[in-house]
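**Q** Contents of coords-v8.tsv (TSV, C-alpha atoms) are below:
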```
chain	number	residue	atom	x	y	z
A	1	MET	CA	56.45	4.61	15.29
A	2	ALA	CA	52.91	3.66	16.26
A	3	ILE	CA	51.66	4.68	12.81
A	4	PHE	CA	54.33	2.51	11.16
A	5	ALA	CA	53.38	-0.45	13.35
A	6	GLY	CA	49.75	0.10	12.47
A	7	ARG	CA	50.57	0.07	8.76
A	8	LYS	CA	52.53	-3.17	9.16
A	9	LYS	CA	49.54	-4.73	10.92
A	10	ILE	CA	47.19	-3.69	8.13
A	11	GLN	CA	49.61	-4.93	5.44
A	12	ALA	CA	49.94	-8.27	7.22
A	13	ALA	CA	46.16	-8.57	7.50
A	14	LEU	CA	45.67	-7.76	3.83
A	15	GLY	CA	48.35	-10.28	2.92
A	16	ALA	CA	46.55	-12.93	4.94
A	17	PHE	CA	43.30	-11.89	3.27
A	18	ALA	CA	44.85	-12.41	-0.18
A	19	ILE	CA	46.06	-15.87	0.82
A	20	LEU	CA	42.62	-16.83	2.12
A	21	ILE	CA	40.96	-15.59	-1.06
A	22	SER	CA	43.30	-17.76	-3.12
A	23	MET	CA	42.30	-20.77	-0.96
A	24	ALA	CA	38.54	-20.19	-1.20
A	25	PRO	CA	36.41	-21.02	-4.23
A	26	ALA	CA	35.30	-18.09	-6.36
A	27	ALA	CA	32.03	-16.58	-5.17
A	28	VAL	CA	30.32	-13.65	-6.79
A	29	ALA	CA	29.98	-10.52	-4.71
A	30	GLU	CA	26.31	-10.02	-5.49
A	31	LYS	CA	23.99	-11.93	-3.18
A	32	TYR	CA	20.65	-11.42	-4.94
A	33	ALA	CA	19.06	-14.02	-7.20
A	34	SER	CA	15.46	-14.98	-7.89
A	35	ILE	CA	13.23	-17.24	-9.94
A	36	VAL	CA	9.48	-17.79	-10.20
A	37	VAL	CA	8.09	-21.01	-11.66
A	38	ASP	CA	4.60	-22.13	-12.63
A	39	ALA	CA	4.66	-25.43	-10.76
A	40	ASP	CA	1.91	-26.93	-12.91
A	41	THR	CA	3.72	-26.47	-16.22
A	42	ASN	CA	7.33	-26.01	-15.01
A	43	GLU	CA	7.39	-22.78	-17.02
A	44	VAL	CA	9.80	-20.15	-15.73
A	45	LEU	CA	7.84	-16.92	-15.36
A	46	HIS	CA	10.73	-14.78	-14.15
A	47	ALA	CA	14.44	-15.27	-13.50
A	48	ARG	CA	17.31	-13.04	-12.44
A	49	HIS	CA	20.77	-14.48	-11.77
A	50	ALA	CA	18.95	-17.80	-11.41
A	51	ASP	CA	22.00	-19.91	-12.30
A	52	GLU	CA	24.61	-17.94	-10.37
A	53	PRO	CA	26.18	-19.59	-7.28
A	54	ARG	CA	24.74	-18.45	-3.99
A	55	TYR	CA	24.99	-19.53	-0.37
A	56	PRO	CA	21.76	-21.42	0.46
A	57	ALA	CA	21.93	-20.96	4.27
A	58	SER	CA	18.96	-22.76	5.85
A	59	LEU	CA	17.32	-23.50	2.52
A	60	THR	CA	19.72	-26.43	2.89
A	61	LYS	CA	17.30	-27.90	5.43
A	62	ALA	CA	14.73	-28.38	2.66
A	63	MET	CA	17.08	-31.05	1.25
A	64	THR	CA	17.68	-32.49	4.72
A	65	LEU	CA	13.91	-32.84	5.03
A	66	TYR	CA	13.63	-34.31	1.53
A	67	MET	CA	16.09	-37.02	2.59
A	68	LEU	CA	14.21	-37.61	5.84
A	69	PHE	CA	10.90	-37.89	3.95
A	70	ASP	CA	12.56	-40.40	1.64
A	71	ALA	CA	13.58	-42.45	4.68
A	72	LEU	CA	10.05	-42.30	6.08
A	73	LYS	CA	8.59	-43.35	2.73
A	74	SER	CA	10.95	-46.34	2.49
A	75	GLY	CA	10.36	-47.41	6.09
A	76	GLU	CA	13.94	-46.76	7.16
A	77	VAL	CA	12.62	-44.54	9.96
A	78	THR	CA	9.23	-43.88	11.54
A	79	LEU	CA	7.69	-40.67	12.83
A	80	ASN	CA	7.81	-41.98	16.40
A	81	GLU	CA	11.43	-43.14	16.29
A	82	ARG	CA	13.64	-41.29	18.74
A	83	MET	CA	17.02	-40.20	17.43
A	84	GLY	CA	20.02	-39.81	19.72
A	85	VAL	CA	21.88	-36.53	20.19
A	86	SER	CA	25.66	-36.74	19.83
A	87	ARG	CA	28.25	-34.31	21.16
A	88	HIS	CA	28.70	-33.01	17.60
A	89	ALA	CA	24.98	-32.35	17.17
A	90	ALA	CA	24.61	-30.71	20.58
A	91	SER	CA	27.52	-28.36	19.81
A	92	GLN	CA	25.87	-26.76	16.78
A	93	PRO	CA	25.40	-22.98	17.11
A	94	PRO	CA	22.04	-21.18	17.01
A	95	SER	CA	19.45	-21.30	15.71
A	96	ALA	CA	19.06	-24.40	17.90
A	97	LEU	CA	16.85	-26.24	20.35
A	98	ARG	CA	19.93	-26.57	22.60
A	99	LEU	CA	19.60	-30.34	22.75
A	100	LYS	CA	21.65	-32.11	25.41
A	101	VAL	CA	24.21	-34.80	24.68
A	102	GLY	CA	22.63	-38.22	25.20
A	103	SER	CA	19.06	-36.95	24.91
A	104	THR	CA	16.68	-37.96	22.11
A	105	ILE	CA	14.20	-36.30	19.78
A	106	SER	CA	11.45	-37.98	17.76
A	107	VAL	CA	11.46	-37.83	13.99
A	108	ARG	CA	8.12	-35.99	14.08
A	109	ASP	CA	9.49	-33.32	16.42
A	110	ALA	CA	12.66	-33.09	14.33
A	111	ILE	CA	10.62	-32.31	11.22
A	112	GLU	CA	8.68	-29.58	12.97
A	113	ALA	CA	11.81	-28.12	14.57
A	114	LEU	CA	13.54	-27.92	11.19
A	115	VAL	CA	10.55	-26.32	9.49
A	116	THR	CA	9.75	-23.72	12.14
A	117	LYS	CA	12.76	-23.09	14.39
A	118	SER	CA	15.29	-24.09	11.70
A	119	ALA	CA	17.30	-25.78	14.43
A	120	ASN	CA	20.90	-26.54	13.44
A	121	ASP	CA	21.40	-29.12	16.18
A	122	VAL	CA	18.35	-31.02	14.95
A	123	ALA	CA	19.69	-30.96	11.38
A	124	ALA	CA	22.90	-32.57	12.61
A	125	VAL	CA	20.91	-35.23	14.49
A	126	VAL	CA	19.03	-36.11	11.30
A	127	GLY	CA	22.24	-36.11	9.28
A	128	GLU	CA	23.94	-38.50	11.67
A	129	ARG	CA	20.91	-40.79	11.82
A	130	LEU	CA	20.67	-41.10	8.04
A	131	GLY	CA	24.33	-40.81	7.08
A	132	GLY	CA	26.27	-42.10	10.05
A	133	THR	CA	28.12	-38.78	10.17
A	134	GLU	CA	26.94	-35.34	9.12
A	135	SER	CA	29.81	-35.13	6.62
A	136	ARG	CA	28.79	-38.38	4.94
A	137	PHE	CA	25.15	-37.26	4.95
A	138	ALA	CA	26.16	-34.07	3.13
A	139	THR	CA	27.78	-36.26	0.46
A	140	LEU	CA	24.53	-38.19	0.14
A	141	MET	CA	22.60	-34.90	-0.04
A	142	THR	CA	24.79	-33.74	-2.91
A	143	ALA	CA	24.33	-37.03	-4.75
A	144	GLN	CA	20.56	-36.76	-4.31
A	145	ALA	CA	20.64	-33.16	-5.54
A	146	LYS	CA	22.38	-34.27	-8.73
A	147	ALA	CA	19.82	-37.05	-9.18
A	148	LEU	CA	17.03	-34.47	-8.95
A	149	GLY	CA	18.69	-32.29	-11.60
A	150	MET	CA	20.18	-29.78	-9.16
A	151	ASN	CA	23.45	-29.79	-11.06
A	152	ASN	CA	24.90	-26.63	-9.54
A	153	THR	CA	24.43	-27.55	-5.89
A	154	THR	CA	26.97	-28.87	-3.38
A	155	PHE	CA	26.18	-29.56	0.26
A	156	ARG	CA	28.77	-29.72	3.02
A	157	ASN	CA	26.47	-29.94	6.04
A	158	ALA	CA	22.85	-30.65	6.90
A	159	SER	CA	21.97	-27.26	8.34
A	160	GLY	CA	23.23	-24.54	6.02
A	161	LEU	CA	25.68	-23.14	8.55
A	162	PRO	CA	28.44	-21.18	6.75
A	163	ASP	CA	30.81	-23.10	4.49
A	164	THR	CA	32.28	-21.46	1.41
A	165	ARG	CA	31.98	-24.75	-0.48
A	166	GLN	CA	28.24	-25.08	0.14
A	167	LEU	CA	26.64	-23.48	-2.89
A	168	SER	CA	23.39	-23.64	-4.84
A	169	THR	CA	21.32	-21.55	-7.26
A	170	ALA	CA	17.82	-20.15	-7.34
A	171	ARG	CA	16.92	-22.53	-10.17
A	172	ASP	CA	18.19	-25.55	-8.25
A	173	MET	CA	16.20	-24.56	-5.17
A	174	ALA	CA	13.08	-24.22	-7.33
A	175	ILE	CA	13.69	-27.77	-8.55
A	176	LEU	CA	13.95	-28.94	-4.94
A	177	ALA	CA	10.70	-27.20	-4.01
A	178	GLU	CA	8.93	-28.85	-6.95
A	179	ARG	CA	10.26	-32.27	-6.05
A	180	LEU	CA	9.20	-31.90	-2.43
A	181	LEU	CA	5.69	-31.19	-3.70
A	182	GLU	CA	5.73	-34.03	-6.21
A	183	ASP	CA	7.63	-36.74	-4.33
A	184	HIS	CA	6.53	-36.05	-0.77
A	185	ALA	CA	3.05	-34.55	-0.97
A	186	ASP	CA	2.06	-36.59	2.10
A	187	TYR	CA	4.60	-34.69	4.20
A	188	TYR	CA	4.45	-31.26	2.59
A	189	HIS	CA	1.82	-30.10	5.10
A	190	TYR	CA	4.56	-29.79	7.72
A	191	PHE	CA	5.88	-26.72	5.91
A	192	SER	CA	2.70	-24.83	6.75
A	193	ARG	CA	3.06	-25.31	10.51
A	194	SER	CA	2.81	-21.91	12.16
A	195	SER	CA	4.57	-22.91	15.37
A	196	PHE	CA	6.34	-25.70	17.24
A	197	SER	CA	6.44	-26.37	20.97
A	198	TRP	CA	9.44	-27.92	22.67
A	199	GLY	CA	9.88	-28.10	26.41
A	200	ASN	CA	8.30	-25.00	27.86
A	201	ARG	CA	8.80	-22.85	24.76
A	202	THR	CA	6.86	-22.28	21.56
A	203	TYR	CA	8.69	-21.24	18.40
A	204	ASN	CA	6.94	-19.43	15.56
A	205	ASN	CA	7.69	-20.32	11.96
A	206	HIS	CA	10.25	-17.94	10.44
A	207	ASN	CA	8.25	-17.88	7.19
A	208	ASN	CA	6.13	-14.76	7.73
A	209	LEU	CA	4.39	-15.15	4.37
A	210	LEU	CA	2.37	-18.06	5.74
A	211	ALA	CA	0.17	-15.64	7.61
A	212	SER	CA	0.29	-12.66	5.30
A	213	VAL	CA	0.09	-13.78	1.65
A	214	ALA	CA	-2.92	-15.57	0.20
A	215	GLY	CA	-2.24	-19.18	-0.74
A	216	VAL	CA	1.27	-19.44	0.72
A	217	ASP	CA	1.63	-22.82	2.43
A	218	GLY	CA	5.44	-23.19	2.72
A	219	ILE	CA	8.27	-23.68	2.59
A	220	LYS	CA	11.63	-22.42	4.08
A	221	THR	CA	13.61	-19.35	5.10
A	222	GLY	CA	17.37	-18.97	5.46
A	223	TYR	CA	19.92	-16.47	6.65
A	224	THR	CA	23.62	-16.08	7.23
A	225	ARG	CA	25.68	-12.93	6.85
A	226	ALA	CA	27.26	-14.44	3.75
A	227	SER	CA	23.95	-15.33	2.10
A	228	GLY	CA	21.71	-12.49	3.13
A	229	PHE	CA	18.03	-13.26	3.74
A	230	ASN	CA	16.78	-16.15	1.59
A	231	LEU	CA	13.30	-17.53	1.04
A	232	MET	CA	11.84	-20.50	-0.79
A	233	ALA	CA	8.07	-19.96	-1.00
A	234	SER	CA	5.15	-21.73	-2.61
A	235	ALA	CA	1.55	-20.62	-3.00
A	236	LYS	CA	-1.62	-22.17	-4.38
A	237	ARG	CA	-4.64	-20.20	-5.57
A	238	ASP	CA	-7.56	-21.60	-7.55
A	239	ASP	CA	-5.67	-24.87	-8.08
A	240	ARG	CA	-2.74	-22.98	-9.57
A	241	ARG	CA	0.61	-23.30	-7.77
A	242	VAL	CA	3.67	-21.09	-8.12
A	243	ILE	CA	7.12	-21.34	-6.57
A	244	ALA	CA	9.22	-18.28	-5.82
A	245	ILE	CA	12.86	-18.34	-4.72
A	246	MET	CA	14.87	-15.37	-3.52
A	247	PHE	CA	18.46	-15.17	-2.32
A	248	GLY	CA	20.23	-12.22	-0.76
A	249	GLY	CA	17.73	-9.91	0.88
A	250	SER	CA	19.34	-7.15	2.91
A	251	THR	CA	16.68	-7.50	5.63
A	252	SER	CA	13.99	-10.05	6.38
A	253	LYS	CA	11.36	-7.37	5.83
A	254	SER	CA	12.62	-6.41	2.37
A	255	ARG	CA	12.97	-10.09	1.45
A	256	ASP	CA	9.41	-10.84	2.50
A	257	ALA	CA	8.12	-7.80	0.59
A	258	HIS	CA	10.01	-8.77	-2.57
A	259	VAL	CA	8.90	-12.41	-2.53
A	260	THR	CA	5.34	-11.23	-1.96
A	261	ASP	CA	5.69	-9.05	-5.07
A	262	LEU	CA	7.10	-12.00	-7.03
A	263	ILE	CA	4.14	-14.18	-6.07
A	264	GLU	CA	1.58	-11.48	-6.88
A	265	ALA	CA	3.26	-10.82	-10.23
A	266	ALA	CA	3.08	-14.52	-11.00
A	267	TYR	CA	-0.66	-14.66	-10.44
A	268	ASN	CA	-1.13	-11.42	-12.37
A	269	SER	CA	0.60	-13.06	-15.33
A	270	PHE	CA	-2.12	-15.71	-15.75
A	271	ASP	CA	-5.01	-15.09	-18.10
A	272	GLU	CA	-8.69	-15.70	-17.41
A	273	ASN	CA	-8.17	-19.42	-18.05
A	274	SER	CA	-5.33	-19.56	-15.47
A	275	GLU	CA	-2.82	-20.04	-18.27
A	276	ALA	CA	0.49	-18.20	-18.27
A	277	ASP	CA	0.41	-15.27	-20.67
A	278	GLU	CA	3.84	-14.19	-21.88
A	279	LEU	CA	2.84	-10.56	-22.44
A	280	LYS	CA	1.09	-10.27	-19.09
A	281	ALA	CA	4.04	-11.93	-17.35
A	282	SER	CA	6.48	-9.52	-18.97
A	283	TYR	CA	4.43	-6.56	-17.80
A	284	ALA	CA	3.79	-7.93	-14.30
A	285	PHE	CA	7.44	-8.67	-13.53
A	286	SER	CA	8.84	-5.57	-15.25
A	287	ALA	CA	6.70	-3.47	-12.92
A	288	LEU	CA	8.43	-4.90	-9.85
A	289	GLN	CA	10.72	-2.70	-7.83
A	290	SER	CA	14.27	-3.98	-7.43
A	291	PRO	CA	14.95	-5.36	-3.95
A	292	ILE	CA	16.74	-3.03	-1.56
A	293	ASP	CA	20.51	-3.23	-1.85
A	294	PRO	CA	20.72	-6.24	-4.22
A	295	ASP	CA	24.50	-5.78	-4.42
A	296	GLY	CA	25.03	-5.28	-0.72
A	297	ALA	CA	28.12	-7.45	-0.74
A	298	ALA	CA	29.88	-5.65	-3.58
A	299	LEU	CA	32.86	-4.62	-1.44
A	300	PRO	CA	36.13	-6.43	-0.58
A	301	MET	CA	34.83	-9.81	0.51
A	302	LEU	CA	35.86	-12.82	2.55
A	303	ASN	CA	33.35	-15.68	2.70
A	304	GLY	CA	30.65	-13.36	1.46
A	305	GLN	CA	31.30	-10.66	4.05
A	306	VAL	CA	32.81	-7.21	3.83
A	307	PHE	CA	36.40	-7.77	4.90
A	308	SER	CA	37.63	-6.32	8.16
A	309	PRO	CA	41.02	-7.31	9.61
A	310	ASP	CA	39.50	-7.28	13.09
A	311	ALA	CA	36.52	-9.48	12.17
A	312	VAL	CA	36.60	-12.93	13.74
A	313	VAL	CA	33.00	-14.02	13.92
A	314	GLY	CA	29.70	-12.86	12.52
A	315	GLU	CA	26.05	-13.68	12.70
A	316	GLY	CA	24.96	-17.24	12.32
A	317	ASP	CA	21.99	-18.99	10.87
A	318	GLU	CA	18.46	-17.55	11.13
A	319	SER	CA	18.54	-15.91	14.56
A	320	GLY	CA	22.16	-15.21	15.36
A	321	GLY	CA	25.03	-17.55	16.10
A	322	PHE	CA	28.60	-18.27	15.17
A	323	GLU	CA	30.28	-17.90	11.80
A	324	VAL	CA	34.00	-18.48	11.33
A	325	LEU	CA	35.47	-16.33	8.59
A	326	ILE	CA	38.38	-18.59	7.62
A	327	PRO	CA	37.37	-21.29	5.11
A	328	ALA	CA	37.43	-24.83	6.51
A	329	PRO	CA	40.10	-27.03	4.92
A	330	ASP	CA	39.07	-29.83	2.60
A	331	ASN	CA	38.63	-33.17	4.32
```
Please express the file's structure as structure tokens.

**A**
Amino acid sequence: MAIFAGRKKIQAALGAFAILISMAPAAVAEKYASIVVDADTNEVLHARHADEPRYPASLTKAMTLYMLFDALKSGEVTLNERMGVSRHAASQPPSALRLKVGSTISVRDAIEALVTKSANDVAAVVGERLGGTESRFATLMTAQAKALGMNNTTFRNASGLPDTRQLSTARDMAILAERLLEDHADYYHYFSRSSFSWGNRTYNNHNNLLASVAGVDGIKTGYTRASGFNLMASAKRDDRRVIAIMFGGSTSKSRDAHVTDLIEAAYNSFDENSEADELKASYAFSALQSPIDPDGAALPMLNGQVFSPDAVVGEGDESGGFEVLIPAPDN
């Protein structure tokens, strides 16, 4: 009798799973994607699954920062302006500064918190300041993405916290990195900050390549269970800049190692005149090892996770938090 009841429970769970899958947008099982671009010529040196939809996780905050830099440039906000913390912003799960309702944070501190700590509560504060509500800000983010040529990107929040409708591609994120460099060069230096102090704590930048790979000066990491470990990186050597994007690392260590290899391969593909050489590029990138477990999600999936009837929550953004498995309804 107990076995029969157990079977009925499993059947009911699988039935619910099928219904949820029908509600959610299609998302490929594979998490991995990458692209490497010569930022000086816009030439693509390497691409794999570069136009396939992926979950951006906290790479989303690069667009939140782009919008904030726009507002600074136009005079809509100033670096010293203090932004209020709403109940919605304070309720955001980790990674977070754990801001209190009714408190404030300066725009300057918000930038540094987003770059280093990747604080979700701070992202919501910025979204509400610039958009009125975070939801409206996400609509503005999507419109800006389309204006930049990021045609396969949709934002649903300012932080990158899990939402099955929030999707981008490696190519689109490379475009965003280029536009941050081109449009907001005066603010790009923030991405190289190694740490950020708030209260009595100091937070190190999640981008480990800043201290370990020659020329790397930004820009953003990301992680949720659905996305895997993501990284948007840029490096400059001998006045030559490259951008490397990776989605879907199985660990932060393997992601960092693979993006390091992508950057080194890019510089190995330039000739003695620092010009991209097609033959050298082909050899340099073909010699790369595939990242560990690039198809780590290639099992029955729900919101990018291996399905388990008993699963309710999973890891959250960057350093652990809350992730609801059931897709949020359309507003």

**Q** Near Leu181 of chain A, within 12 Å and counting all atoms listed in the file, which residues show up once chain neighbours fewer than 2 positions away are dropped, as a PDB file with C-alpha atoms, keeping the file's coordinate frame?

**A**
```pdb
ATOM      1  CA  ALA A  39       4.660 -25.430 -10.760  1.00  0.00           C
ATOM      2  CA  ASP A  40       1.910 -26.930 -12.910  1.00  0.00           C
ATOM      3  CA  ALA A  62      14.730 -28.380   2.660  1.00  0.00           C
ATOM      4  CA  TYR A  66      13.630 -34.310   1.530  1.00  0.00           C
ATOM      5  CA  PHE A  69      10.900 -37.890   3.950  1.00  0.00           C
ATOM      6  CA  ALA A 174      13.080 -24.220  -7.330  1.00  0.00           C
ATOM      7  CA  ILE A 175      13.690 -27.770  -8.550  1.00  0.00           C
ATOM      8  CA  LEU A 176      13.950 -28.940  -4.940  1.00  0.00           C
ATOM      9  CA  ALA A 177      10.700 -27.200  -4.010  1.00  0.00           C
ATOM     10  CA  GLU A 178       8.930 -28.850  -6.950  1.00  0.00           C
ATOM     11  CA  ARG A 179      10.260 -32.270  -6.050  1.00  0.00           C
ATOM     12  CA  ASP A 183       7.630 -36.740  -4.330  1.00  0.00           C
ATOM     13  CA  HIS A 184       6.530 -36.050  -0.770  1.00  0.00           C
ATOM     14  CA  ALA A 185       3.050 -34.550  -0.970  1.00  0.00           C
ATOM     15  CA  ASP A 186       2.060 -36.590   2.100  1.00  0.00           C
ATOM     16  CA  TYR A 187       4.600 -34.690   4.200  1.00  0.00           C
ATOM     17  CA  TYR A 188       4.450 -31.260   2.590  1.00  0.00           C
ATOM     18  CA  HIS A 189       1.820 -30.100   5.100  1.00  0.00           C
ATOM     19  CA  TYR A 190       4.560 -29.790   7.720  1.00  0.00           C
ATOM     20  CA  PHE A 191       5.880 -26.720   5.910  1.00  0.00           C
ATOM     21  CA  ASP A 217       1.630 -22.820   2.430  1.00  0.00           C
ATOM     22  CA  GLY A 218       5.440 -23.190   2.720  1.00  0.00           C
ATOM     23  CA  ILE A 219       8.270 -23.680   2.590  1.00  0.00           C
ATOM     24  CA  ALA A 233       8.070 -19.960  -1.000  1.00  0.00           C
ATOM     25  CA  SER A 234       5.150 -21.730  -2.610  1.00  0.00           C
ATOM     26  CA  ALA A 235       1.550 -20.620  -3.000  1.00  0.00           C
ATOM     27  CA  LYS A 236      -1.620 -22.170  -4.380  1.00  0.00           C
ATOM     28  CA  ARG A 241       0.610 -23.300  -7.770  1.00  0.00           C
ATOM     29  CA  VAL A 242       3.670 -21.090  -8.120  1.00  0.00           C
ATOM     30  CA  ILE A 243       7.120 -21.340  -6.570  1.00  0.00           C
TER      31      ILE A 243
END
```

**Q** Name the residues in contact with Asn205 of chain A at a cut-off of 10 Å, using all atoms listed in the file, excluding same-chain residues fewer than 5 positions from it; report them as a ChimeraX atom specification.

**A** /A:112-118,191-196,210-211,218-221

**Q** For a quick check of understanding, using all atoms listed in the file, which of A:Asn200, A:Ala287, A:Thr133, A:Arg54 has the smallest distance to Glu30 of chain A?

**A**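 Checking each candidate against Glu30 of chain A, we get A:Arg54 as the closest.
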
**Q** Calculate how many Å separate atom CA of His206 of chain A from atom CA of Arg255 of chain A, rounding to one decimal.

**A**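 It comes out at 12.2 Å.
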
**Q** Excluding Glu264 of chain A and its own-chain neighbours fewer than 2 positions away, which residues fall within 10 Å of it when counting all atoms listed in the file? Please give them as an MDAnalysis selection string.

**A** chainID A and resid 213:214 235 242 258:262 266:269 284:285 288

**Q** Enter the distance from atom CA of Gly131 of chain A to atom CA of Leu231 of chain A, in Å, rounded to one decimal.

**A**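 For atom CA of Gly131 of chain A relative to atom CA of Leu231 of chain A, the distance reads 26.5 Å.
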
**Q** What is the distance between atom CA of Val122 of chain A and atom CA of Gly222 of chain A, in Å to one decimal?

**A** 15.4 Å

**Q** Using all atoms listed in the file, which residue out of A:Leu79, A:Ala265, A:Thr41, A:Ser58 lies closest to Phe155 of chain A?

**A** A:Ser58

**Q** Select, from A:Asn208, A:Thr224, A:Thr154, A:Ser286, the residue with the minimum atom-to-atom distance to Lys253 of chain A, counting all atoms listed in the file.

**A**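 For Lys253 of chain A, the nearest of the candidates is A:Asn208.
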
**Q** Given the choices A:Asp163, A:Asp51, A:Asp70, A:Asp256, which gets closest to Leu130 of chain A if the distance is worked out from only C-alpha atoms?

**A** A:Asp70

**Q** Find, counting all atoms listed in the file, the residue in A:Val126, A:Ile263, A:Thr169, A:Asn204 that gets nearest to Asn230 of chain A.

**A**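 That would be A:Thr169, the residue with the smallest distance to Asn230 of chain A.
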
**Q** So which one's closest to Leu65 of chain A, A:Asn80, A:Ser159, A:Asn152, A:Ser254? Using only C-alpha atoms, please.

**A**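 Closest to Leu65 of chain A, using only C-alpha atoms: A:Ser159.
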
**Q** Name all residues at most 7 Å from Ala158 of chain A (count all atoms listed in the file; drop same-chain ones fewer than 4 positions away) and give them as number ranges by chain.

**A** A: 60-61, 64, 123-124, 127, 134, 138

**Q** Leaving out segment 226-229 of chain A and any residue of its chain fewer than 5 positions from it, which residues lie within 7 Å of it when counting all atoms listed in the file, given as a list in words?

**A** Lys31, Arg54, Tyr55, Pro56, Ala57, Phe247, Gly248, Gly249, Ser250, Thr251, Ser252, Arg255, Asn303, Gly304 and Gln305 of chain A
